[in-house]
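structure_24.cif, holding mmCIF, C-alpha atoms:
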data_target
loop_
_atom_site.label_atom_id
_atom_site.label_comp_id
_atom_site.auth_asym_id
_atom_site.auth_seq_id
_atom_site.Cartn_x
_atom_site.Cartn_y
_atom_site.Cartn_z
CA MET A 595 28.68 -50.63 2.07
CA SER A 596 25.05 -50.24 3.11
CA GLN A 597 24.04 -49.51 6.71
CA LEU A 598 20.86 -51.15 7.94
CA PHE A 599 18.76 -50.70 11.03
CA SER A 600 15.54 -52.65 11.58
CA THR A 601 13.16 -53.04 14.50
CA GLU A 602 12.41 -56.58 13.38
CA LEU A 603 14.53 -58.32 16.02
CA LEU A 604 13.94 -55.81 18.83
CA PRO A 605 11.39 -56.15 21.63
CA VAL A 606 8.32 -53.98 21.01
CA SER A 607 9.15 -51.93 24.11
CA ASP A 608 12.57 -50.94 22.68
CA ARG A 609 11.59 -50.14 19.11
CA ILE A 610 10.55 -46.52 19.46
CA ASP A 611 13.69 -45.43 21.34
CA ALA A 612 15.91 -47.36 18.92
CA TRP A 613 14.20 -45.85 15.88
CA GLN A 614 14.41 -42.32 17.28
CA TRP A 615 18.13 -42.65 17.95
CA ASN A 616 18.88 -44.08 14.49
CA ALA A 617 16.66 -41.55 12.71
CA GLN A 618 18.46 -38.69 14.44
CA GLN A 619 21.80 -40.00 13.17
CA VAL A 620 20.41 -39.47 9.67
CA CYS A 621 18.17 -36.42 10.05
CA GLY A 622 19.71 -34.60 13.00
CA ASP A 623 17.61 -32.91 15.69
CA CYS A 624 13.96 -33.79 15.23
CA ARG A 625 10.84 -34.56 17.22
CA ILE A 626 9.10 -37.79 16.33
CA GLN A 627 5.54 -38.80 17.15
CA PHE A 628 4.43 -42.44 17.11
CA PRO A 629 0.63 -42.92 16.92
CA SER A 630 0.95 -46.52 18.06
CA ASN A 631 3.21 -48.37 20.48
CA SER A 632 3.33 -51.32 18.09
CA PHE A 633 5.74 -49.48 15.82
CA HIS A 634 7.94 -51.20 13.24
CA GLY A 635 10.32 -49.93 10.60
CA SER A 636 13.72 -50.01 8.96
CA ILE A 637 16.36 -47.52 7.78
CA GLU A 638 18.89 -48.48 5.11
CA ILE A 639 21.60 -46.14 3.81
CA ARG A 640 23.57 -46.62 0.62
CA HIS A 641 25.91 -44.20 -1.13
CA ALA A 642 26.09 -43.07 -4.73
CA SER A 643 29.62 -41.71 -4.75
CA LYS A 644 29.45 -39.66 -1.51
CA LEU A 645 25.76 -38.87 -1.71
CA PRO A 646 23.65 -40.82 0.82
CA LEU A 647 20.48 -42.54 -0.32
CA THR A 648 18.30 -43.45 2.65
CA ARG A 649 15.31 -45.77 2.42
CA PHE A 650 12.84 -45.33 5.27
CA SER A 651 10.15 -47.96 5.73
CA SER A 652 7.79 -47.67 8.69
CA SER A 653 4.34 -47.92 10.18
CA PRO A 654 2.52 -44.56 10.74
CA ILE A 655 4.87 -41.87 12.04
CA SER A 656 5.17 -38.06 12.10
CA PHE A 657 8.21 -35.87 12.65
CA TRP A 658 9.25 -32.23 12.85
CA LYS A 659 12.79 -31.32 11.85
CA TRP A 660 14.74 -28.24 12.95
CA PRO A 661 18.19 -27.60 11.43
CA GLN A 662 21.14 -26.67 13.59
CA ASP A 663 21.87 -22.96 14.06
CA THR A 664 25.15 -23.34 12.16
CA VAL A 665 23.39 -24.57 9.02
CA SER A 666 22.55 -22.00 6.36
CA THR A 667 20.91 -22.24 2.99
CA GLN A 668 24.31 -21.75 1.36
CA ASN A 669 26.13 -24.58 3.15
CA GLY A 670 23.13 -26.86 3.67
CA SER A 671 21.68 -29.68 1.64
CA CYS A 672 18.49 -30.41 -0.20
CA ILE A 673 16.67 -33.73 -0.03
CA VAL A 674 14.97 -35.17 -3.08
CA ILE A 675 12.23 -37.42 -1.71
CA THR A 676 10.64 -40.19 -3.77
CA GLN A 677 7.59 -41.96 -2.37
CA LEU A 678 7.79 -45.72 -2.96
CA ALA A 679 4.74 -46.99 -1.05
CA GLY A 680 1.87 -45.47 0.91
CA ALA A 681 0.91 -41.79 1.02
CA ARG A 682 2.84 -39.17 2.99
CA ARG A 683 2.45 -35.42 3.55
CA TYR A 684 5.42 -33.02 3.60
CA ARG A 685 5.38 -29.37 4.74
CA GLN A 686 7.93 -26.57 4.44
CA ASP A 687 7.69 -22.76 4.21
CA ARG A 688 3.88 -22.82 4.27
CA GLU A 689 3.92 -25.21 1.34
CA GLU A 690 2.36 -28.63 1.63
CA VAL A 691 2.45 -31.62 -0.69
CA LEU A 692 0.90 -35.08 -0.49
CA LEU A 693 3.00 -37.76 -2.19
CA LYS A 694 1.68 -41.06 -3.43
CA PRO A 695 3.80 -43.92 -4.84
CA GLY A 696 5.89 -42.63 -7.76
CA ASP A 697 5.64 -38.96 -6.73
CA SER A 698 8.65 -36.87 -5.68
CA THR A 699 9.42 -33.54 -4.04
CA ILE A 700 12.36 -31.46 -2.78
CA VAL A 701 12.87 -30.04 0.72
CA ASP A 702 15.62 -27.76 2.01
CA SER A 703 17.32 -29.34 5.01
CA ALA A 704 18.62 -25.94 6.12
CA ARG A 705 15.09 -24.84 7.05
CA PRO A 706 12.41 -26.41 9.29
CA TRP A 707 10.17 -29.01 7.69
CA SER A 708 7.83 -31.78 8.76
CA SER A 709 6.32 -34.99 7.49
CA THR A 710 3.43 -37.21 8.49
CA CYS A 711 1.51 -40.27 7.34
CA GLY A 712 -1.35 -42.36 8.69
CA THR A 713 -0.44 -45.64 6.99
CA ASN A 714 2.56 -47.85 6.41
CA CYS A 715 4.82 -46.18 3.88
CA VAL A 716 8.23 -46.34 2.22
CA ARG A 717 10.18 -43.32 1.00
CA LEU A 718 13.62 -42.75 -0.48
CA TYR A 719 15.76 -39.70 0.38
CA LEU A 720 18.65 -38.52 -1.78
CA ARG A 721 20.58 -35.85 0.15
CA VAL A 722 22.48 -33.47 -2.15
CA PRO A 723 24.57 -30.41 -1.20
CA ARG A 724 22.60 -27.37 -2.31
CA TRP A 725 25.44 -26.04 -4.47
CA MET A 726 25.58 -29.38 -6.31
CA LEU A 727 21.82 -29.44 -6.87
CA GLU A 728 21.85 -25.85 -8.14
CA SER A 729 24.67 -26.76 -10.51
CA GLY A 730 22.91 -29.91 -11.70
CA LEU A 731 19.62 -28.09 -12.28
CA ARG A 732 21.34 -24.92 -13.56
CA THR A 733 19.20 -22.74 -11.30
CA SER A 734 19.26 -21.36 -7.76
CA ALA A 735 15.45 -21.25 -7.66
CA ILE A 736 14.85 -24.69 -6.19
CA PRO A 737 11.10 -25.37 -5.87
CA ILE A 738 10.40 -26.44 -2.29
CA ALA A 739 7.63 -28.87 -1.29
CA GLN A 740 6.21 -28.94 -4.81
CA LYS A 741 4.79 -32.16 -6.20
CA ILE A 742 6.58 -33.92 -9.06
CA SER A 743 3.86 -36.26 -10.23
CA GLY A 744 4.70 -39.87 -10.97
CA GLY A 745 1.70 -39.81 -13.29
CA THR A 746 3.68 -37.91 -15.93
CA ALA A 747 6.22 -39.65 -18.13
CA VAL A 748 9.17 -37.61 -16.90
CA GLY A 749 8.05 -37.85 -13.24
CA ALA A 750 7.74 -41.63 -13.56
CA ASN A 751 11.22 -41.75 -15.09
CA LEU A 752 12.61 -39.79 -12.14
CA SER A 753 11.02 -42.24 -9.70
CA ARG A 754 12.35 -45.27 -11.56
CA LEU A 755 15.84 -43.79 -11.82
CA SER A 756 15.84 -42.96 -8.09
CA LEU A 757 15.08 -46.58 -7.27
CA ARG A 758 17.64 -47.90 -9.75
CA LEU A 759 20.27 -45.58 -8.33
CA TYR A 760 19.52 -46.94 -4.87
CA ASP A 761 19.45 -50.59 -6.00
CA GLU A 762 22.70 -50.42 -7.98
CA ALA A 763 24.68 -47.82 -6.00
CA GLU A 764 27.01 -50.32 -4.36
CA TRP A 765 27.88 -52.05 -7.63
CA MET A 766 28.51 -49.05 -9.88
CA ASN A 767 32.01 -47.70 -10.36
CA ASP A 768 32.76 -43.98 -10.07
CA THR A 769 32.19 -43.32 -13.77
CA GLU A 770 28.84 -45.11 -13.77
CA VAL A 771 27.72 -43.23 -10.66
CA ALA A 772 28.70 -39.90 -12.23
CA ASP A 773 26.77 -40.78 -15.40
CA ALA A 774 23.72 -41.85 -13.38
CA LEU A 775 23.75 -38.66 -11.29
CA ASP A 776 24.12 -36.47 -14.38
CA SER A 777 21.11 -38.18 -15.92
CA TYR A 778 19.21 -37.94 -12.63
CA PHE A 779 19.74 -34.18 -12.45
CA GLU A 780 18.76 -33.79 -16.10
CA ILE A 781 15.48 -35.60 -15.50
CA LEU A 782 14.89 -33.62 -12.31
CA ALA A 783 15.55 -30.40 -14.24
CA ALA A 784 13.00 -31.49 -16.83
CA CYS A 785 10.49 -32.22 -14.06
CA ILE A 786 10.71 -28.73 -12.58
CA GLY A 787 11.32 -26.90 -15.85
CA GLU A 788 8.82 -25.42 -18.23
CA ASP A 789 9.56 -27.77 -21.12
CA GLY A 790 8.11 -30.84 -19.39
CA GLY A 791 11.03 -33.00 -20.45
CA SER A 792 10.93 -32.54 -24.20
CA LEU A 793 13.61 -34.27 -26.17
CA PRO A 794 16.26 -31.74 -27.27
CA GLY A 795 17.44 -32.29 -30.78
CA GLY A 796 14.42 -34.42 -31.65
CA SER A 797 13.88 -38.17 -31.53
CA ASP A 798 16.14 -38.70 -34.55
CA LEU A 799 19.14 -37.61 -32.51
CA GLY A 800 18.19 -40.13 -29.83
CA GLY A 801 18.08 -42.85 -32.49
CA GLN A 802 21.50 -41.83 -33.78
CA VAL A 803 22.92 -42.02 -30.27
CA LEU A 804 21.55 -45.53 -29.70
CA ARG A 805 22.75 -46.74 -33.10
CA PHE A 806 26.26 -45.42 -32.40
CA VAL A 807 26.26 -47.15 -29.00
CA ASP A 808 25.13 -50.45 -30.54
CA THR A 809 27.93 -50.25 -33.12
CA HIS A 810 30.63 -49.63 -30.47
CA ILE A 811 29.11 -51.62 -27.62
CA SER A 812 32.12 -53.96 -27.22
CA GLU A 813 34.59 -51.12 -26.62
CA PRO A 814 35.47 -50.99 -22.91
CA THR A 815 36.05 -47.22 -23.08
CA LEU A 816 32.60 -46.48 -24.47
CA GLY A 817 31.05 -43.73 -22.39
CA PRO A 818 29.39 -40.31 -22.46
CA CYS A 819 32.45 -38.38 -23.64
CA GLN A 820 33.06 -40.66 -26.63
CA VAL A 821 29.39 -40.75 -27.62
CA ALA A 822 28.88 -37.00 -27.21
CA SER A 823 32.00 -36.27 -29.25
CA ALA A 824 30.86 -38.58 -32.04
CA MET A 825 27.43 -36.91 -32.10
CA GLY A 826 28.89 -33.42 -32.01
CA ILE A 827 27.02 -32.47 -28.83
CA SER A 828 27.94 -31.79 -25.21
CA VAL A 829 27.81 -34.50 -22.55
CA ARG A 830 25.07 -32.55 -20.79
CA HIS A 831 23.04 -32.44 -24.00
CA LEU A 832 23.58 -36.18 -24.43
CA HIS A 833 22.16 -36.91 -20.99
CA ARG A 834 19.21 -34.65 -21.73
CA VAL A 835 18.52 -36.51 -24.99
CA LEU A 836 18.33 -39.82 -23.13
CA SER A 837 16.67 -38.55 -19.95
CA VAL A 838 13.08 -38.97 -21.13
CA THR A 839 13.69 -42.68 -21.79
CA GLY A 840 14.15 -43.30 -18.07
CA ASN A 841 17.58 -44.87 -18.67
CA THR A 842 21.03 -43.42 -18.32
CA LEU A 843 23.55 -44.04 -21.06
CA GLY A 844 25.40 -46.36 -18.69
CA GLN A 845 22.25 -48.40 -18.03
CA TYR A 846 21.56 -48.75 -21.75
CA ILE A 847 25.15 -49.85 -22.43
CA ARG A 848 25.08 -52.39 -19.60
CA GLY A 849 21.74 -53.76 -20.76
CA ARG A 850 22.95 -54.27 -24.33
CA ARG A 851 26.22 -55.87 -23.17
CA LEU A 852 24.38 -58.23 -20.84
CA GLU A 853 22.05 -59.30 -23.63
CA GLN A 854 25.00 -60.00 -25.94
CA CYS A 855 26.76 -61.98 -23.20
CA ARG A 856 23.58 -64.00 -22.69
CA LEU A 857 23.53 -64.88 -26.38
CA ASP A 858 27.25 -65.74 -26.39
CA LEU A 859 26.92 -68.00 -23.35
CA SER A 860 24.21 -70.02 -25.09
CA ASP A 861 26.09 -70.16 -28.42
CA PRO A 862 28.00 -73.47 -28.93
CA ARG A 863 30.53 -71.63 -31.10
CA PHE A 864 31.85 -69.94 -27.94
CA ALA A 865 31.96 -73.12 -25.84
CA GLY A 866 35.77 -72.91 -25.71
CA ARG A 867 35.75 -69.43 -24.19
CA THR A 868 35.60 -68.84 -20.45
CA ILE A 869 32.82 -66.72 -18.98
CA THR A 870 35.34 -64.01 -18.14
CA GLU A 871 36.63 -63.95 -21.71
CA ILE A 872 33.10 -63.54 -23.04
CA ALA A 873 32.33 -60.76 -20.55
CA PHE A 874 35.53 -58.88 -21.38
CA SER A 875 34.97 -59.26 -25.12
CA ARG A 876 31.65 -57.45 -24.69
CA GLY A 877 33.12 -54.49 -22.84
CA PHE A 878 32.99 -55.52 -19.17
CA SER A 879 36.18 -55.07 -17.16
CA ASP A 880 35.30 -56.72 -13.83
CA ALA A 881 34.23 -60.37 -13.68
CA ALA A 882 32.54 -60.12 -10.25
CA HIS A 883 30.62 -57.00 -11.27
CA PHE A 884 29.52 -58.68 -14.48
CA SER A 885 28.32 -61.77 -12.59
CA HIS A 886 26.28 -59.63 -10.19
CA LEU A 887 24.67 -57.63 -13.00
CA PHE A 888 23.90 -60.80 -14.98
CA ARG A 889 22.19 -62.42 -11.99
CA ARG A 890 20.14 -59.28 -11.33
CA ARG A 891 19.05 -59.08 -14.97
CA PHE A 892 18.32 -62.75 -15.69
CA GLY A 893 17.79 -64.24 -12.23
CA VAL A 894 20.61 -66.78 -12.56
CA SER A 895 24.41 -66.72 -12.50
CA PRO A 896 26.34 -66.79 -15.80
CA ARG A 897 27.74 -70.23 -14.94
CA ALA A 898 24.31 -71.68 -14.19
CA PHE A 899 22.82 -70.07 -17.29
CA ARG A 900 25.53 -71.57 -19.50
CA ALA A 901 25.01 -75.02 -17.96
CA GLN A 902 21.26 -74.77 -18.56
CA ALA A 903 21.87 -73.63 -22.14
CA ARG A 904 24.10 -76.66 -22.78
CA ILE A 905 21.50 -79.05 -21.38
CA SER A 906 18.83 -77.44 -23.53
CA LEU A 907 21.07 -77.69 -26.58
CA ARG A 908 21.81 -81.38 -25.99
CA HIS A 909 18.11 -82.05 -25.47
CA SER A 910 17.29 -80.19 -28.66
CA MET A 911 19.95 -82.10 -30.61
CA LYS A 912 18.67 -85.38 -29.21
CA CYS A 913 15.11 -84.51 -30.23
CA ASP A 914 16.34 -83.49 -33.68
CA GLY A 915 18.14 -86.82 -33.96
CA VAL A 916 15.02 -88.75 -33.03
CA ARG A 917 12.98 -86.76 -35.51
CA LEU A 918 15.59 -87.45 -38.20
CA LEU A 919 15.51 -91.21 -37.50
CA LEU A 920 11.73 -91.23 -37.58
CA HIS A 921 11.81 -89.32 -40.85
CA ARG A 922 14.29 -91.79 -42.33
CA ASP A 923 12.23 -94.77 -41.14
CA ALA A 924 9.10 -93.24 -42.61
CA SER A 925 10.87 -92.58 -45.90
CA ALA A 926 12.19 -96.15 -46.01
CA PHE A 927 8.70 -97.47 -45.30
CA ASP A 928 7.26 -95.40 -48.12
CA ASP A 929 10.02 -96.58 -50.48
CA SER A 930 9.31 -100.22 -49.62
CA ARG A 931 5.63 -99.74 -50.36
CA LEU A 932 6.45 -98.20 -53.72
CA ASN A 933 8.68 -101.15 -54.57
#

Output the file's structure as structure tokens, nothing else.
Amino acid sequence: MSQLFSTELLPVSDRIDAWQWNAQQVCGDCRIQFPSNSFHGSIEIRHASKLPLTRFSSSPISFWKWPQDTVSTQNGSCIVITQLAGARRYRQDREEVLLKPGDSTIVDSARPWSSTCGTNCVRLYLRVPRWMLESGLRTSAIPIAQKISGGTAVGANLSRLSLRLYDEAEWMNDTEVADALDSYFEILAACIGEDGGSLPGGSDLGGQVLRFVDTHISEPTLGPCQVASAMGISVRHLHRVLSVTGNTLGQYIRGRRLEQCRLDLSDPRFAGRTITEIAFSRGFSDAAHFSHLFRRRFGVSPRAFRAQARISLRHSMKCDGVRLLLHRDASAFDDSRLN
């Protein structure tokens, strides 16, 4: 369940105090500077598994963060920051980075850091326990306040996946969240690694993976373990193969299933099947989840889409019938002229 705070409905005189209190619930002890009294902003928190994703949107603001004395590098967290709008500067350990939309960086919440911007901006924070980030990246040398450029293919993929993770966090089940986080860490590792996100195993392996998925797309149990086993590779290697596409395996599977359901719902041969039956036959296991994903993908509910498809089909059949009658009349006219 997301948590949302917004200054939208507050009097201007109360906004700064309210923002400071809510920001401290997320960031802990910090000093905030507001260049203007006409401040506005919002804070929304969602969770991917137990990891909080926080979306900050605000007018110009600066802050300085000091961790509690009890926090150490070992038991602290790191924050992967993705800039969504505007430009913002981050500083830590004498390092400084300016992020523009699509760029990302990492800061260590166990050590002092600061951030400032002179314009409206939006940024997304993914807070990860340091031990988990080190495990996901397979290194203890976490680069702090270093720019991950959204201008590179792998950096852009990281930005897109961050936003997708935030958008879909509340609707993904535990397995889907785990898959998404594995892929996220693989892309992040490629961003900070020396290989620049090359595709292990070559592009042919990626094609084999996608062909296998397409063949088994209707199996409800289809997932990373099954695909990796069939390809003879590890699950980690599988995620790395797909990481440079900007999609997790789960996202690709859901996209293919949704497209097949869309085709089935518009196919008159399946008119006798319920929407739930069609969804389940294509590998979905939760009707409400399927309906939400379908609406997000196509902008309309499955029920409304099916109704529209039926109207379009009847209209098409009616037009075909008219064309057939006109053709017959024209043929009869030609025959009468010949006679």

List as a list of chain:residue names the protein and nucleic acid residues near Ser636 of chain A, meaning an atom at most 10 Å away when only C-alpha atoms are counted, but skip any in the same chain fewer than 3 places from it. A:Leu598, A:Phe599, A:Ser600, A:Thr601, A:Glu602, A:Trp613, A:Asn616, A:Ala617, A:Arg649, A:Phe650, A:Ser651, A:Ser652, A:Ser653, A:Val716

Pull out every residue that the PyMOL selection byres ((chain A and resi 702) around 8) matches in the shown coordinates and put them as a PyMOL selection string. chain A and resi 667+670-673+700-701+703-705+707+738

Please provide the set of residues having any atom within 12 Å of His886 of chain A, restricted to all atoms listed in the file, with same-chain residues fewer than 2 positions apart removed, written as a PDB file with C-alpha atoms, in the coordinates of the input.
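As a result, result.pdb now contains:
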ATOM      1  CA  GLU A 762      22.700 -50.420  -7.980  1.00  0.00           C
ATOM      2  CA  GLU A 764      27.010 -50.320  -4.360  1.00  0.00           C
ATOM      3  CA  TRP A 765      27.880 -52.050  -7.630  1.00  0.00           C
ATOM      4  CA  MET A 766      28.510 -49.050  -9.880  1.00  0.00           C
ATOM      5  CA  ARG A 848      25.080 -52.390 -19.600  1.00  0.00           C
ATOM      6  CA  LEU A 852      24.380 -58.230 -20.840  1.00  0.00           C
ATOM      7  CA  PHE A 878      32.990 -55.520 -19.170  1.00  0.00           C
ATOM      8  CA  ASP A 880      35.300 -56.720 -13.830  1.00  0.00           C
ATOM      9  CA  ALA A 881      34.230 -60.370 -13.680  1.00  0.00           C
ATOM     10  CA  ALA A 882      32.540 -60.120 -10.250  1.00  0.00           C
ATOM     11  CA  HIS A 883      30.620 -57.000 -11.270  1.00  0.00           C
ATOM     12  CA  PHE A 884      29.520 -58.680 -14.480  1.00  0.00           C
ATOM     13  CA  PHE A 888      23.900 -60.800 -14.980  1.00  0.00           C
ATOM     14  CA  ARG A 889      22.190 -62.420 -11.990  1.00  0.00           C
ATOM     15  CA  ARG A 890      20.140 -59.280 -11.330  1.00  0.00           C
ATOM     16  CA  ARG A 891      19.050 -59.080 -14.970  1.00  0.00           C
ATOM     17  CA  PHE A 892      18.320 -62.750 -15.690  1.00  0.00           C
ATOM     18  CA  GLY A 893      17.790 -64.240 -12.230  1.00  0.00           C
ATOM     19  CA  VAL A 894      20.610 -66.780 -12.560  1.00  0.00           C
ATOM     20  CA  SER A 895      24.410 -66.720 -12.500  1.00  0.00           C
ATOM     21  CA  PRO A 896      26.340 -66.790 -15.800  1.00  0.00           C
ATOM     22  CA  ARG A 897      27.740 -70.230 -14.940  1.00  0.00           C
TER      23      ARG A 897
END

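Shortest atom-to-atom contact with Cys855 of chain A among A:Asn714, A:Thr868, A:Thr699, A:Ser756: A:Thr868, counting all atoms listed in the file.
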
Applying the PyMOL selection byres ((chain A and resi 782) around 10) to the file I just gave you, which residues come out? Please list them as a list in words.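 Taken over the shown coordinates, the PyMOL selection byres ((chain A and resi 782) around 10) returns Val674, Ser698, Thr699, Leu727, Gly730, Leu731, Ile742, Val748, Gly749, Asn751, Leu752, Ser753, Asp776, Ser777, Tyr778, Phe779, Glu780, Ile781, Ala783, Ala784, Cys785, Ile786, Gly787, Gly791 and Ser837 of chain A.
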
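Interatomic distance, atom CA of Leu693 of chain A against atom CA of Leu678 of chain A: 9.3 Å.
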
Please evaluate the PyMOL selection byres ((chain A and resi 854) around 12) against the structure above and give the resulting residues as a JSON list (two decimals) with C-alpha atoms, in the frame of the given file.
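For reference, expr_16.json as written:
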[["chain", "number", "residue", "atom", "x", "y", "z"],
["A", 808, "ASP", "CA", 25.13, -50.45, -30.54],
["A", 811, "ILE", "CA", 29.11, -51.62, -27.62],
["A", 812, "SER", "CA", 32.12, -53.96, -27.22],
["A", 847, "ILE", "CA", 25.15, -49.85, -22.43],
["A", 848, "ARG", "CA", 25.08, -52.39, -19.60],
["A", 849, "GLY", "CA", 21.74, -53.76, -20.76],
["A", 850, "ARG", "CA", 22.95, -54.27, -24.33],
["A", 851, "ARG", "CA", 26.22, -55.87, -23.17],
["A", 852, "LEU", "CA", 24.38, -58.23, -20.84],
["A", 853, "GLU", "CA", 22.05, -59.30, -23.63],
["A", 855, "CYS", "CA", 26.76, -61.98, -23.20],
["A", 856, "ARG", "CA", 23.58, -64.00, -22.69],
["A", 857, "LEU", "CA", 23.53, -64.88, -26.38],
["A", 858, "ASP", "CA", 27.25, -65.74, -26.39],
["A", 859, "LEU", "CA", 26.92, -68.00, -23.35],
["A", 860, "SER", "CA", 24.21, -70.02, -25.09],
["A", 861, "ASP", "CA", 26.09, -70.16, -28.42],
["A", 872, "ILE", "CA", 33.10, -63.54, -23.04],
["A", 873, "ALA", "CA", 32.33, -60.76, -20.55],
["A", 874, "PHE", "CA", 35.53, -58.88, -21.38],
["A", 875, "SER", "CA", 34.97, -59.26, -25.12],
["A", 876, "ARG", "CA", 31.65, -57.45, -24.69],
["A", 877, "GLY", "CA", 33.12, -54.49, -22.84],
["A", 878, "PHE", "CA", 32.99, -55.52, -19.17],
["A", 888, "PHE", "CA", 23.90, -60.80, -14.98]]

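The gap separating atom CA of Thr870 of chain A from atom CA of Gln845 of chain A is 20.4 Å, in Å to one decimal.
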
Centre, x/y/z edge lengths, axis-aligned box for segment 775-789 of chain A with 3 Å per side, as lines of an AutoDock Vina configuration file:
center_x = 16.5
center_y = -32.0
center_z = -16.2
size_x = 21.3
size_y = 19.2
size_z = 15.8

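Rounded to one decimal, atom CA of Val803 of chain A and atom CA of Arg754 of chain A lie 21.7 Å from each other.
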
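Of the listed residues A:Val835, A:Leu816, A:Ala824, A:Arg904, the one whose atoms come nearest to Gly800 of chain A is A:Val835, with distances taken using all atoms listed in the file.
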
I need the residue nearest Asn631 of chain A from this list: A:Ser607, A:Gln740, A:Ser643, A:Ser656. Use all atoms listed in the file for the distance.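 Closest residue, counting all atoms listed in the file: A:Ser607.
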
I'd like the neighbourhood of Ala772 of chain A as a PyMOL selection string, where a residue qualifies if any of its atoms comes within 12 Å (using only C-alpha atoms), though same-chain residues fewer than 5 positions away should be ignored. chain A and resi 642-645+730+759+763+766-767+777-779+817-818+829-830+833+842-844
